[in-house]
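Heads up, protein14.txt below (compact mmCIF, C-alpha atoms and all ligand atoms):
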```txt
# COMPACT_ATOMS: atom_id res chain seq x y z
CA MET A 1 78.29 75.96 76.25
CA SER A 2 80.89 74.53 73.82
CA PRO A 3 83.59 72.21 75.25
CA ALA A 4 86.28 74.80 74.42
CA SER A 5 84.62 77.19 76.79
CA ILE A 6 84.85 74.85 79.79
CA GLN A 7 88.29 74.20 81.28
CA THR A 8 88.80 71.77 84.11
CA ILE A 9 91.59 72.67 86.52
CA ARG A 10 93.02 70.09 88.92
CA PRO A 11 94.86 71.02 92.11
CA ALA A 12 98.66 71.34 91.80
CA ARG A 13 101.63 70.68 94.09
CA ASN A 14 103.57 73.72 92.95
CA ILE A 15 104.48 75.87 89.94
CA CYS A 16 107.83 75.25 88.30
CA GLY A 17 109.32 76.11 84.95
CA SER A 18 110.18 78.92 82.61
CA LEU A 19 107.97 80.67 80.13
CA ARG A 20 107.81 83.47 77.62
CA LEU A 21 104.95 85.89 77.81
CA PRO A 22 102.67 87.10 75.03
CA GLY A 23 103.19 90.70 73.92
CA ASP A 24 101.77 93.36 76.20
CA LYS A 25 98.19 94.29 75.34
CA SER A 26 98.43 97.97 76.32
CA ILE A 27 101.60 98.52 74.28
CA SER A 28 100.38 96.48 71.27
CA HIS A 29 97.23 98.64 70.96
CA ARG A 30 99.21 101.87 71.16
CA TYR A 31 101.94 100.77 68.75
CA ALA A 32 99.34 99.64 66.19
CA MET A 33 97.36 102.89 66.41
CA LEU A 34 100.41 105.14 66.20
CA ALA A 35 101.89 103.02 63.39
CA ALA A 36 98.67 103.65 61.43
CA ILE A 37 99.19 107.42 61.53
CA ALA A 38 102.99 107.40 61.21
CA ASP A 39 105.06 107.93 58.07
CA GLY A 40 106.48 104.64 56.79
CA GLU A 41 106.13 100.95 57.57
CA THR A 42 106.20 99.80 61.21
CA LYS A 43 107.34 96.27 61.97
CA LEU A 44 106.31 94.78 65.29
CA THR A 45 107.28 91.43 66.78
CA ASN A 46 105.73 89.72 69.81
CA PHE A 47 102.51 91.65 69.07
CA SER A 48 99.73 90.60 71.45
CA THR A 49 97.95 87.47 70.24
CA GLY A 50 94.79 88.42 72.12
CA ALA A 51 91.43 89.13 70.48
CA ASP A 52 91.46 92.71 71.81
CA CYS A 53 94.49 93.74 69.80
CA ALA A 54 93.07 91.91 66.78
CA SER A 55 90.02 94.19 67.16
CA THR A 56 92.30 97.22 66.92
CA LEU A 57 93.86 95.85 63.72
CA VAL A 58 90.43 95.12 62.20
CA CYS A 59 89.28 98.68 62.93
CA LEU A 60 92.46 100.08 61.40
CA ARG A 61 91.93 98.11 58.20
CA GLU A 62 88.43 99.61 57.99
CA LEU A 63 90.12 103.02 58.23
CA GLY A 64 92.26 102.30 55.17
CA VAL A 65 95.37 101.07 56.98
CA GLY A 66 97.21 98.22 55.25
CA TRP A 67 98.77 95.58 57.50
CA GLU A 68 100.02 92.07 57.28
CA ARG A 69 100.23 89.64 60.14
CA LYS A 70 102.24 86.42 60.50
CA GLU A 71 101.57 84.80 63.88
CA ASN A 72 102.77 87.42 66.34
CA SER A 73 104.59 89.67 63.88
CA VAL A 74 102.72 92.54 62.24
CA SER A 75 103.82 95.09 59.68
CA ILE A 76 101.66 98.18 59.37
CA GLN A 77 101.70 100.71 56.52
CA GLY A 78 101.42 104.14 58.07
CA ARG A 79 99.12 106.69 56.43
CA GLY A 80 100.85 109.76 57.86
CA LEU A 81 98.10 111.18 60.09
CA ALA A 82 95.25 110.91 57.55
CA LEU A 83 92.96 107.90 57.79
CA GLU A 84 90.17 106.97 55.36
CA ALA A 85 86.46 107.31 56.18
CA PRO A 86 85.15 103.84 57.15
CA GLY A 87 82.40 102.26 55.07
CA ARG A 88 80.71 100.68 58.11
CA PRO A 89 80.73 100.83 61.92
CA LEU A 90 84.06 99.92 63.50
CA ASP A 91 83.73 96.72 65.53
CA CYS A 92 85.78 97.08 68.72
CA GLY A 93 84.66 93.66 70.00
CA ASN A 94 85.30 93.38 73.75
CA SER A 95 88.03 96.00 73.73
CA GLY A 96 87.55 99.19 75.75
CA SER A 97 91.13 100.17 74.88
CA THR A 98 90.33 100.05 71.15
CA MET A 99 87.20 102.15 71.50
CA ARG A 100 88.59 104.77 73.85
CA MET A 101 92.07 105.26 72.41
CA LEU A 102 91.01 105.11 68.76
CA SER A 103 88.45 107.82 69.58
CA GLY A 104 91.36 110.17 70.22
CA ILE A 105 92.68 109.62 66.70
CA LEU A 106 89.24 109.70 65.07
CA ALA A 107 88.52 113.04 66.77
CA GLY A 108 91.21 114.50 64.51
CA GLN A 109 89.93 113.00 61.25
CA PRO A 110 87.65 115.05 58.94
CA PHE A 111 84.91 112.40 58.67
CA THR A 112 82.27 110.62 60.74
CA SER A 113 82.90 107.19 62.19
CA GLU A 114 80.89 104.94 64.44
CA LEU A 115 82.44 102.63 67.05
CA ALA A 116 80.49 99.69 68.44
CA GLY A 117 81.29 96.67 70.58
CA ASP A 118 79.99 93.44 72.08
CA ASP A 119 77.46 93.25 74.94
CA SER A 120 80.10 93.79 77.61
CA LEU A 121 81.68 96.80 75.87
CA SER A 122 78.20 98.22 75.18
CA ARG A 123 77.71 98.53 78.95
CA ARG A 124 80.95 100.45 79.61
CA PRO A 125 81.11 104.21 80.32
CA MET A 126 82.34 106.43 77.47
CA ALA A 127 81.61 109.95 78.76
CA ARG A 128 85.11 109.99 80.26
CA VAL A 129 86.64 109.99 76.78
CA ALA A 130 83.90 111.95 75.00
CA ALA A 131 84.11 114.93 77.41
CA PRO A 132 87.70 116.00 76.68
CA LEU A 133 87.45 115.21 72.95
CA ARG A 134 84.35 117.42 72.69
CA MET A 135 86.23 120.20 74.45
CA MET A 136 88.89 119.87 71.76
CA GLY A 137 86.24 120.36 69.07
CA ALA A 138 85.07 116.87 68.05
CA GLN A 139 81.37 116.15 67.77
CA ILE A 140 80.49 112.99 69.67
CA ASP A 141 77.16 111.23 70.15
CA MET A 142 76.72 108.25 72.44
CA GLY A 143 74.04 105.70 73.22
CA THR A 144 71.79 105.68 76.30
CA ASN A 145 73.57 106.62 79.55
CA ASP A 146 76.70 107.60 77.63
CA ARG A 147 77.34 104.00 76.62
CA PRO A 148 78.49 102.84 73.14
CA PRO A 149 78.01 103.09 70.24
CA LEU A 150 80.03 106.25 69.75
CA ARG A 151 79.55 108.42 66.70
CA ILE A 152 82.47 110.74 66.17
CA THR A 153 82.72 113.56 63.67
CA GLY A 154 86.25 114.83 63.84
CA GLY A 155 88.14 117.68 62.27
CA ARG A 156 90.30 120.57 63.31
CA LEU A 157 90.96 120.39 67.03
CA LYS A 158 92.22 122.89 69.54
CA ALA A 159 94.52 122.02 72.42
CA ILE A 160 93.11 121.79 75.95
CA ASP A 161 94.50 121.76 79.45
CA TYR A 162 92.56 118.84 80.89
CA LYS A 163 92.32 117.67 84.49
CA MET A 164 91.02 114.11 84.26
CA PRO A 165 88.31 113.36 86.84
CA VAL A 166 88.88 109.58 86.52
CA ALA A 167 92.26 107.84 86.69
CA SER A 168 92.35 106.21 83.24
CA ALA A 169 95.39 105.60 81.08
CA GLN A 170 93.11 104.95 78.13
CA VAL A 171 91.62 108.44 78.41
CA LYS A 172 95.05 110.01 78.95
CA SER A 173 96.30 108.33 75.75
CA ALA A 174 93.16 109.31 73.82
CA VAL A 175 93.62 112.98 74.72
CA LEU A 176 97.32 112.93 73.86
CA PHE A 177 96.62 111.15 70.54
CA ALA A 178 94.01 113.81 69.75
CA GLY A 179 96.62 116.40 70.73
CA LEU A 180 98.63 115.42 67.65
CA PHE A 181 95.84 116.92 65.52
CA ALA A 182 95.30 120.03 67.66
CA THR A 183 96.53 123.57 67.38
CA GLY A 184 98.57 124.43 70.45
CA GLU A 185 99.90 122.47 73.41
CA THR A 186 97.62 119.77 74.86
CA ARG A 187 98.05 119.02 78.55
CA VAL A 188 96.54 116.25 80.65
CA GLU A 189 96.74 115.86 84.37
CA GLU A 190 95.56 112.72 86.15
CA PRO A 191 94.30 112.33 89.72
CA VAL A 192 96.82 109.53 90.34
CA HIS A 193 99.62 108.29 88.12
CA THR A 194 98.48 105.62 85.62
CA ARG A 195 100.44 103.54 83.12
CA ASP A 196 102.49 105.76 80.82
CA HIS A 197 102.68 103.63 77.68
CA GLY A 198 100.94 106.32 75.61
CA GLU A 199 103.60 108.89 76.45
CA ILE A 200 106.43 106.38 75.90
CA ALA A 201 104.97 105.12 72.60
CA LEU A 202 104.49 108.66 71.25
CA ARG A 203 108.16 109.32 71.99
CA ALA A 204 109.18 106.03 70.37
CA PHE A 205 107.42 107.17 67.19
CA GLY A 206 109.38 110.44 67.33
CA ALA A 207 106.98 112.86 69.02
CA GLN A 208 108.17 115.20 71.73
CA VAL A 209 106.14 114.66 74.90
CA ASN A 210 106.85 116.45 78.16
CA VAL A 211 106.11 114.70 81.42
CA HIS A 212 105.62 116.70 84.60
CA GLY A 213 104.31 115.53 87.96
CA LYS A 214 101.01 113.79 87.36
CA GLY A 215 100.67 115.08 83.82
CA ALA A 216 101.96 115.16 80.30
CA SER A 217 101.86 117.71 77.51
CA MET A 218 102.53 117.75 73.82
CA ALA A 219 102.49 120.23 70.96
CA GLY A 220 100.10 119.57 68.09
CA GLY A 221 101.15 119.18 64.48
CA GLN A 222 104.00 116.75 65.15
CA ARG A 223 104.54 113.95 62.65
CA LEU A 224 105.31 110.37 63.63
CA SER A 225 107.90 108.06 62.08
CA ALA A 226 107.55 104.28 61.74
CA ILE A 227 109.52 102.02 64.11
CA GLU A 228 110.75 98.44 64.25
CA ALA A 229 110.04 97.13 67.72
CA GLN A 230 109.58 94.07 69.85
CA VAL A 231 106.59 94.31 72.19
CA PRO A 232 107.60 93.46 75.79
CA GLY A 233 105.98 90.47 77.52
CA ASP A 234 102.67 91.31 79.18
CA LEU A 235 103.13 91.78 82.92
CA SER A 236 99.38 91.56 83.54
CA SER A 237 99.51 88.08 81.96
CA ALA A 238 102.60 87.27 84.05
CA ALA A 239 100.54 88.20 87.13
CA PHE A 240 98.56 84.95 86.87
CA PHE A 241 101.72 82.84 87.00
CA LEU A 242 103.32 84.96 89.72
CA CYS A 243 100.23 84.58 91.92
CA ALA A 244 100.02 80.87 91.10
CA ALA A 245 103.67 80.49 92.18
CA GLY A 246 102.85 82.43 95.34
CA LEU A 247 100.36 79.75 96.34
CA PHE A 248 103.09 77.12 96.86
CA PRO A 249 106.28 77.55 98.93
CA GLU A 250 108.19 75.20 96.61
CA SER A 251 107.42 77.09 93.40
CA GLU A 252 110.21 78.33 91.16
CA LEU A 253 109.29 80.29 88.05
CA ILE A 254 111.31 82.18 85.44
CA MET A 255 109.79 84.59 82.90
CA SER A 256 112.05 86.33 80.40
CA GLY A 257 111.30 89.41 78.32
CA ALA A 258 108.73 90.68 80.84
CA LEU A 259 107.67 94.33 80.81
CA MET A 260 109.16 96.08 83.85
CA ASN A 261 107.67 99.54 83.41
CA PRO A 262 107.33 100.83 87.02
CA THR A 263 103.75 101.99 86.33
CA ARG A 264 102.83 98.34 85.71
CA ALA A 265 105.11 96.42 88.08
CA ARG A 266 103.45 97.20 91.43
CA LEU A 267 102.32 93.59 91.82
CA LEU A 268 105.95 92.56 92.26
CA ASP A 269 106.28 94.92 95.26
CA VAL A 270 103.03 93.63 96.75
CA LEU A 271 104.00 89.97 96.38
CA ILE A 272 107.46 90.67 97.83
CA ALA A 273 105.84 92.41 100.80
CA MET A 274 103.59 89.36 101.18
CA GLY A 275 106.65 87.14 101.43
CA MET A 276 107.57 85.96 97.91
CA LYS A 277 111.16 86.08 96.73
CA ILE A 278 111.26 87.88 93.39
CA SER A 279 114.31 89.11 91.52
CA VAL A 280 114.64 90.87 88.17
CA THR A 281 117.78 90.54 86.05
CA GLN A 282 118.86 91.31 82.48
CA LEU A 283 117.10 94.65 82.52
CA GLU A 284 117.14 96.46 79.20
CA GLU A 285 115.22 99.23 77.54
CA LEU A 286 113.23 98.68 74.35
CA HIS A 287 111.97 101.92 72.81
CA GLY A 288 111.70 103.47 76.26
CA GLU A 289 110.03 100.47 77.93
CA LEU A 290 111.96 98.48 80.56
CA VAL A 291 112.10 94.72 80.07
CA GLY A 292 113.69 92.05 82.26
CA THR A 293 113.80 88.45 83.40
CA VAL A 294 111.72 87.74 86.49
CA ARG A 295 112.55 84.89 88.83
CA ALA A 296 109.96 84.12 91.51
CA GLN A 297 109.92 81.68 94.40
CA GLY A 298 106.83 80.90 96.43
CA ASP A 299 106.42 81.18 100.19
CA ASP A 300 103.65 81.27 102.77
CA LEU A 301 101.99 84.52 101.80
CA LYS A 302 101.15 87.10 104.46
CA GLY A 303 98.35 89.59 103.79
CA ALA A 304 98.01 92.93 102.01
CA VAL A 305 95.93 96.10 102.04
CA ILE A 306 95.64 97.75 98.64
CA ALA A 307 94.27 101.31 98.54
CA GLY A 308 94.46 104.69 96.79
CA ALA A 309 97.09 105.12 94.08
CA GLU A 310 98.21 101.53 94.59
CA THR A 311 94.76 100.27 93.59
CA ALA A 312 94.96 102.27 90.34
CA ALA A 313 98.44 100.92 89.64
CA LEU A 314 97.27 97.33 90.20
CA ILE A 315 93.85 97.61 88.60
CA ASP A 316 94.24 94.67 86.16
CA GLU A 317 96.00 92.45 88.70
CA ILE A 318 93.40 92.76 91.46
CA PRO A 319 91.22 89.85 90.25
CA VAL A 320 94.06 87.34 90.57
CA LEU A 321 95.37 88.83 93.80
CA ALA A 322 91.86 88.56 95.24
CA ALA A 323 91.48 85.00 93.95
CA ILE A 324 94.54 83.82 95.91
CA ALA A 325 93.74 85.96 98.97
CA PRO A 326 91.85 83.24 100.92
CA CYS A 327 95.03 81.12 100.79
CA SER A 328 97.17 83.89 102.30
CA ARG A 329 97.79 83.97 106.03
CA ASP A 330 96.24 87.35 106.87
CA GLY A 331 93.89 88.02 103.96
CA VAL A 332 93.69 90.86 101.46
CA GLU A 333 91.67 94.06 101.64
CA ILE A 334 91.09 96.10 98.50
CA ARG A 335 89.84 99.68 98.77
CA ASP A 336 89.15 102.54 96.32
CA ALA A 337 88.44 100.09 93.52
CA ALA A 338 85.02 101.26 92.24
CA GLU A 339 86.52 101.25 88.69
CA LEU A 340 86.51 97.45 88.88
CA ARG A 341 82.72 97.57 88.62
CA VAL A 342 82.91 99.00 85.08
CA LYS A 343 85.52 96.69 83.57
CA GLU A 344 84.74 93.81 81.16
CA SER A 345 82.44 92.58 83.96
CA ASP A 346 81.57 93.97 87.38
CA ARG A 347 84.78 92.48 88.73
CA ILE A 348 84.02 93.14 92.40
CA ALA A 349 80.79 91.14 92.13
CA ALA A 350 82.38 88.46 89.93
CA ILE A 351 85.27 87.94 92.35
CA ALA A 352 82.97 87.79 95.39
CA SER A 353 80.47 85.37 93.87
CA ASN A 354 83.13 83.02 92.49
CA LEU A 355 85.12 82.98 95.72
CA ARG A 356 81.90 82.08 97.54
CA ARG A 357 81.32 79.25 95.05
CA MET A 358 84.71 77.91 96.16
CA GLY A 359 83.60 78.05 99.79
CA ALA A 360 85.40 81.25 100.83
CA LYS A 361 84.06 84.03 103.04
CA VAL A 362 84.23 87.45 101.37
CA GLU A 363 82.96 90.88 102.31
CA GLU A 364 81.85 92.75 99.18
CA ARG A 365 81.88 96.55 99.40
CA GLN A 366 80.79 99.20 96.94
CA ASP A 367 84.41 100.01 96.10
CA GLY A 368 86.31 96.97 97.22
CA LEU A 369 86.56 93.61 98.91
CA LYS A 370 87.74 92.23 102.22
CA ILE A 371 88.89 88.63 101.95
CA PRO A 372 90.01 86.89 105.15
CA GLY A 373 93.08 84.66 104.97
CA GLY A 374 93.64 81.14 106.24
CA GLN A 375 90.68 79.73 104.28
CA THR A 376 90.40 76.45 102.41
CA LEU A 377 88.95 76.49 98.89
CA HIS A 378 87.05 73.65 97.30
CA GLY A 379 86.61 72.89 93.61
CA ALA A 380 83.53 74.55 92.09
CA GLU A 381 81.86 75.65 88.89
CA ILE A 382 83.19 79.13 88.14
CA ASP A 383 81.31 81.66 86.01
CA SER A 384 83.83 83.77 84.08
CA GLN A 385 81.01 86.15 83.11
CA GLY A 386 82.78 86.36 79.75
CA ASP A 387 85.64 88.26 81.42
CA HIS A 388 89.16 87.10 80.54
CA ARG A 389 90.74 88.15 83.81
CA ILE A 390 88.05 86.43 85.90
CA ALA A 391 88.47 83.17 83.92
CA MET A 392 92.26 83.20 84.41
CA ALA A 393 92.19 84.39 88.06
CA PHE A 394 89.97 81.50 89.12
CA ALA A 395 92.01 78.96 87.17
CA VAL A 396 94.85 80.07 89.45
CA ALA A 397 92.77 79.78 92.65
CA ALA A 398 91.69 76.30 91.48
CA LEU A 399 95.30 75.08 91.76
CA ARG A 400 95.05 75.32 95.57
CA ALA A 401 91.46 74.00 95.89
CA HIS A 402 90.40 70.56 97.08
CA GLY A 403 88.92 68.80 94.06
CA GLU A 404 88.46 69.87 90.47
CA THR A 405 87.22 73.25 89.29
CA ALA A 406 85.36 73.87 86.05
CA ILE A 407 85.87 77.32 84.54
CA MET A 408 82.73 78.06 82.53
CA GLY A 409 83.28 80.56 79.73
CA ALA A 410 87.02 79.86 79.84
CA ASP A 411 87.42 80.87 76.18
CA ALA A 412 87.18 84.49 77.38
CA ALA A 413 90.90 84.14 78.25
CA ALA A 414 91.61 84.57 74.52
CA ILE A 415 90.72 88.25 74.83
CA SER A 416 94.23 88.85 76.15
CA TYR A 417 95.92 85.44 76.28
CA PRO A 418 94.84 82.62 73.93
CA GLY A 419 97.55 80.21 75.15
CA PHE A 420 96.88 80.73 78.86
CA PHE A 421 95.47 77.34 79.86
CA ALA A 422 98.13 75.38 77.97
CA THR A 423 100.89 77.45 79.54
CA LEU A 424 99.37 77.07 83.01
CA GLU A 425 99.29 73.29 82.53
CA SER A 426 102.93 73.32 81.45
CA VAL A 427 104.10 74.86 84.74
CA ALA A 428 101.61 73.29 87.18
CA GLN A 429 103.33 70.29 88.83
CA ARG A 430 101.14 67.51 90.15
C1 LIG B 1 94.60 100.18 80.04
C2 LIG B 1 94.21 100.93 81.09
C3 LIG B 1 93.31 100.41 82.14
C4 LIG B 1 93.32 98.90 82.16
C5 LIG B 1 93.12 98.32 80.80
C6 LIG B 1 94.23 98.76 79.86
C7 LIG B 1 95.47 100.80 79.02
O1 LIG B 1 92.00 100.85 81.89
O2 LIG B 1 92.33 98.42 83.05
O3 LIG B 1 93.13 96.90 80.86
O4 LIG B 1 96.05 100.10 78.18
O5 LIG B 1 95.59 102.03 79.06
P1 LIG B 1 91.47 102.32 82.30
O6 LIG B 1 92.11 103.31 81.40
O7 LIG B 1 89.99 102.25 82.09
O8 LIG B 1 91.85 102.50 83.75
```
In structure tokens, write the structure found in this file.
Amino acid sequence: MSPASIQTIRPARNICGSLRLPGDKSISHRYAMLAAIADGETKLTNFSTGADCASTLVCLRELGVGWERKENSVSIQGRGLALEAPGRPLDCGNSGSTMRMLSGILAGQPFTSELAGDDSLSRRPMARVAAPLRMMGAQIDMGTNDRPPLRITGGRLKAIDYKMPVASAQVKSAVLFAGLFATGETRVEEPVHTRDHGEIALRAFGAQVNVHGKGASMAGGQRLSAIEAQVPGDLSSAAFFLCAAGLFPESELIMSGALMNPTRARLLDVLIAMGMKISVTQLEELHGELVGTVRAQGDDLKGAVIAGAETAALIDEIPVLAAIAPCSRDGVEIRDAAELRVKESDRIAAIASNLRRMGAKVEERQDGLKIPGGQTLHGAEIDSQGDHRIAMAFAVAALRAHGETAIMGADAAAISYPGFFATLESVAQR
């Protein structure tokens, strides 16, 4: 393992300071994809610096989309709905968002494209996105057990009224993106409400999208217009610092420009219920997305039970919440989280095994975890399993452990947050 992929984390006294967050991953993907099929040149600032969003840009270039990137600013030349047939398979890297959401756009293109990914992505389920796109008229072949690679032959699509069996914002966005190329009104309904960045981004690019109850609908044939936008700070990245602050009663943290979309901000409610003091000021709206300044103070954390729709709303924040759970007073129970088993790693197993390495007791269930509170962690060797959120979650837990912790495979953090370890060091007081 190269030195860059091992990070040593020493215990901290508290978390203090202010920081700016990298651009939100979910919004960056969607803005880039819609910019590619819009009319005109889109200019984005604070675009996610993570490898996942870079994968989206690489795929778009292969599809004939011109773009130029300077640090975290990107300008993208829209092709007005028509992409170019790629000369080779599209490499989605580690990014499930790239593969699933781009599929929606490729389903509407009159050519064949193949989407492939790394070992982790090659194990992730794709039938959830292939099923509705086939119903709309795309031809889709998958690998064994409906895993990648995907081979999509797109063309003229017809609108569908689709009840999603799995709560997935990626699938919802893919179907709506495909709906742009369909004849008629495409409707999606989800079992529980998931993040609505797809709907908001489509509107930002000028499409008319109707939102009703647990669903959204949109007429086909609409054209998109380029935008100039700043991507809000990633709240799932902020989650690591919020949970780190929660570990120490003396912590005081300020994060400006943070995404405050209610479909993403559930962690704030959970941490407040657990005892943290969190306030949000300077709220403003950027292209339909709420952004604000978050101020958080630590406290002795109580416990939490996360279940049902709340689990879906918190899906990306569960690893870090679970990683700090042993240090809470009453522990954390997570239910209805089977989806965590098919993320970048089997996150339920990865959380349980790494917490045990740190000396904690954990009950692992098929669809969740029960982590008692009032436990003491010790430094350990953590296996990130190549999963960015596992690497970062356990760097946070390590701040409250006795002794040093080595995060093995720490470079995985760059999937969503290349500067994570440096930023963590800058706010960890010793
Ligand atoms: C995402 C949706 C979630 C989330 C992922 C990003 C999105 O995945 O876990 O990190 O941007 O729509 P699912 O759609 O698989 O739930």
What gap, in Å, lies between atom CA of A:His193 and atom CA of A:Glu310?
9.5 Å
So, counting only C-alpha atoms, which residue among A:His287, A:Arg147, A:Arg335, A:His388 is closest to A:Gln366?
A:Arg335
Taking only C-alpha atoms and all ligand atoms into account, produce a table as CSV in which each residue of chain A with an atom at most 10 Å from an atom of ligand LIG 1 (chain B) appears once, together with its shortest atom pair and the distance in Å to one decimal, ordered by chain and rising number.
```
residue,atom,partner,partner_atom,distance
A:Asp24,CA,B:LIG1,O4,9.1
A:Lys25,CA,B:LIG1,O4,6.8
A:Ser26,CA,B:LIG1,O4,3.7
A:Ile27,CA,B:LIG1,O4,7.0
A:Ser28,CA,B:LIG1,O4,8.9
A:His29,CA,B:LIG1,O4,7.5
A:Arg30,CA,B:LIG1,O4,7.9
A:Ser95,CA,B:LIG1,O3,8.8
A:Gly96,CA,B:LIG1,O7,7.5
A:Ser97,CA,B:LIG1,O4,5.9
A:Thr98,CA,B:LIG1,O4,9.1
A:Arg100,CA,B:LIG1,O6,8.5
A:Met101,CA,B:LIG1,O5,8.2
A:Arg124,CA,B:LIG1,O7,9.5
A:Pro125,CA,B:LIG1,O7,9.3
A:Met126,CA,B:LIG1,O7,9.9
A:Arg128,CA,B:LIG1,O7,9.3
A:Val129,CA,B:LIG1,O6,9.8
A:Val166,CA,B:LIG1,O8,8.2
A:Ala167,CA,B:LIG1,O8,6.1
A:Ser168,CA,B:LIG1,O6,3.4
A:Ala169,CA,B:LIG1,O6,4.0
A:Gln170,CA,B:LIG1,O6,3.8
A:Val171,CA,B:LIG1,O6,6.0
A:Lys172,CA,B:LIG1,O6,7.7
A:Ser173,CA,B:LIG1,O5,7.2
A:Ala174,CA,B:LIG1,O5,9.3
A:Thr194,CA,B:LIG1,O8,7.6
A:Arg195,CA,B:LIG1,O5,6.5
A:Asp196,CA,B:LIG1,O5,8.0
A:His197,CA,B:LIG1,O5,7.4
A:Gly198,CA,B:LIG1,O5,7.7
A:Ser236,CA,B:LIG1,O3,8.6
A:Ala312,CA,B:LIG1,O8,7.3
A:Ala313,CA,B:LIG1,O8,9.0
A:Leu314,CA,B:LIG1,O2,8.8
A:Ile315,CA,B:LIG1,O2,5.8
A:Asp316,CA,B:LIG1,O2,5.2
A:Glu317,CA,B:LIG1,O2,9.0
A:Glu339,CA,B:LIG1,O8,7.4
A:Leu340,CA,B:LIG1,O2,8.3
A:Val342,CA,B:LIG1,O7,8.3
A:Lys343,CA,B:LIG1,O2,7.0
A:Glu344,CA,B:LIG1,O3,8.9
A:Arg389,CA,B:LIG1,O3,9.5
A:Ser416,CA,B:LIG1,O3,9.4
```
Which is closest to A:Glu250 among A:Arg10, A:Asp383, A:Gln429, A:Ile140, if we use all atoms listed in the file?
A:Gln429
Of the candidates A:Gly303, A:Ala12, A:Ala201, A:Ser5, which one gets nearest to A:Ala410 if we count only C-alpha atoms?
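Among the listed residues, the smallest separation from A:Ala410 belongs to A:Ser5.
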Could you give me, as a ChimeraX atom specification, the residues that sit within 12 Å of (79.3, 94.2, 90.0) in the file's coordinates, counting only C-alpha atoms?
/A:123,337-353,364-369,385
For a test of reading the model, state the distance in Å between atom CA of A:Gln139 and atom CA of A:His212, rounded to one decimal.
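Distance reported for this atom pair: 29.5 Å.
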State, in Å with one decimal place, the distance from atom CA of A:Gly78 to atom CA of A:Gly108.
15.9 Å
Please define a box with edges along x, y and z of the file around all atoms of stretch 9-27 of chain A given in the file, extend it by 3 Å on each side, and return its centre and edge lengths in Å to one decimal, as lines of an AutoDock Vina configuration file.
```
center_x = 100.9
center_y = 84.3
center_z = 84.0
size_x = 24.6
size_y = 34.4
size_z = 26.2
```
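Proximity of A:Lys163, A:Glu289, A:Leu242, A:Pro249 to A:Asn14, computed with only C-alpha atoms, is greatest for A:Pro249.
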Would you list the contacts of A:Val58 as a list in words, taking every protein, DNA or RNA residue within 9 Å and counting only C-alpha atoms, but skipping same-chain residues closer than 6 positions in sequence?
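Skipping anything fewer than 6 positions along the chain leaves Leu90, Asp91 and Cys92 of chain A.
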Skip A:Pro132 itself and residues of its chain fewer than 6 positions away, then list as an MDAnalysis selection string all residues within 8 Å of it, counting all atoms listed in the file.
chainID A and resid 160 162 175
Distance cut-off 6 Å, centre (90.9, 79.1, 98.5) in file coordinates, counting all atoms listed in the file: which residues qualify? Return them as a short mmCIF file (atom, residue, chain, number, x, y, z; two decimals) with C-alpha atoms, in the coordinates of the input.
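Output file out23.cif is given in full below:
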```
data_model
loop_
_atom_site.label_atom_id
_atom_site.label_comp_id
_atom_site.auth_asym_id
_atom_site.auth_seq_id
_atom_site.Cartn_x
_atom_site.Cartn_y
_atom_site.Cartn_z
CA PRO A 326 91.85 83.24 100.92
CA CYS A 327 95.03 81.12 100.79
CA GLN A 375 90.68 79.73 104.28
CA THR A 376 90.40 76.45 102.41
CA LEU A 377 88.95 76.49 98.89
CA ALA A 401 91.46 74.00 95.89
#
```
Determine the nearest neighbour of A:Gln230 from the options A:Leu44, A:Ile371, A:Ala131, A:Ala116, counting only C-alpha atoms.
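Among A:Leu44, A:Ile371, A:Ala131, A:Ala116, it is A:Leu44 that comes nearest to A:Gln230.
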Under the rule that all atoms listed in the file are counted, which of A:Ala393, A:Val294, A:Gly233, A:Val188 is the nearest residue to A:Ile324?
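Smallest separation from A:Ile324 among the options: A:Ala393.
Those residues that approach A:Ala414 to within 8 Å, counting all atoms listed in the file, are Gly50, Ala51, His388, Gly419 and Phe420 of chain A; same-chain residues fewer than 5 positions away are not listed.
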Long-range neighbours of A:Val427 as a ChimeraX atom specification, 10 Å cut-off, only C-alpha atoms, 2 positions minimum in chain
/A:12,14-19,241,244-245,251-253,422-425,429-430
Might you pull out every residue within 8 Å of A:Asn72, with all atoms listed in the file counted and same-chain residues fewer than 3 positions away left off, and present them as an mmCIF file with C-alpha atoms, in the frame of the given file?
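The new file part_14.cif reads:
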```cif
data_model
loop_
_atom_site.group_PDB
_atom_site.id
_atom_site.type_symbol
_atom_site.label_atom_id
_atom_site.label_comp_id
_atom_site.auth_asym_id
_atom_site.auth_seq_id
_atom_site.Cartn_x
_atom_site.Cartn_y
_atom_site.Cartn_z
ATOM 1 C CA THR A 45 107.280 91.430 66.780
ATOM 2 C CA ASN A 46 105.730 89.720 69.810
ATOM 3 C CA PHE A 47 102.510 91.650 69.070
ATOM 4 C CA SER A 48 99.730 90.600 71.450
ATOM 5 C CA THR A 49 97.950 87.470 70.240
ATOM 6 C CA ARG A 69 100.230 89.640 60.140
#
```
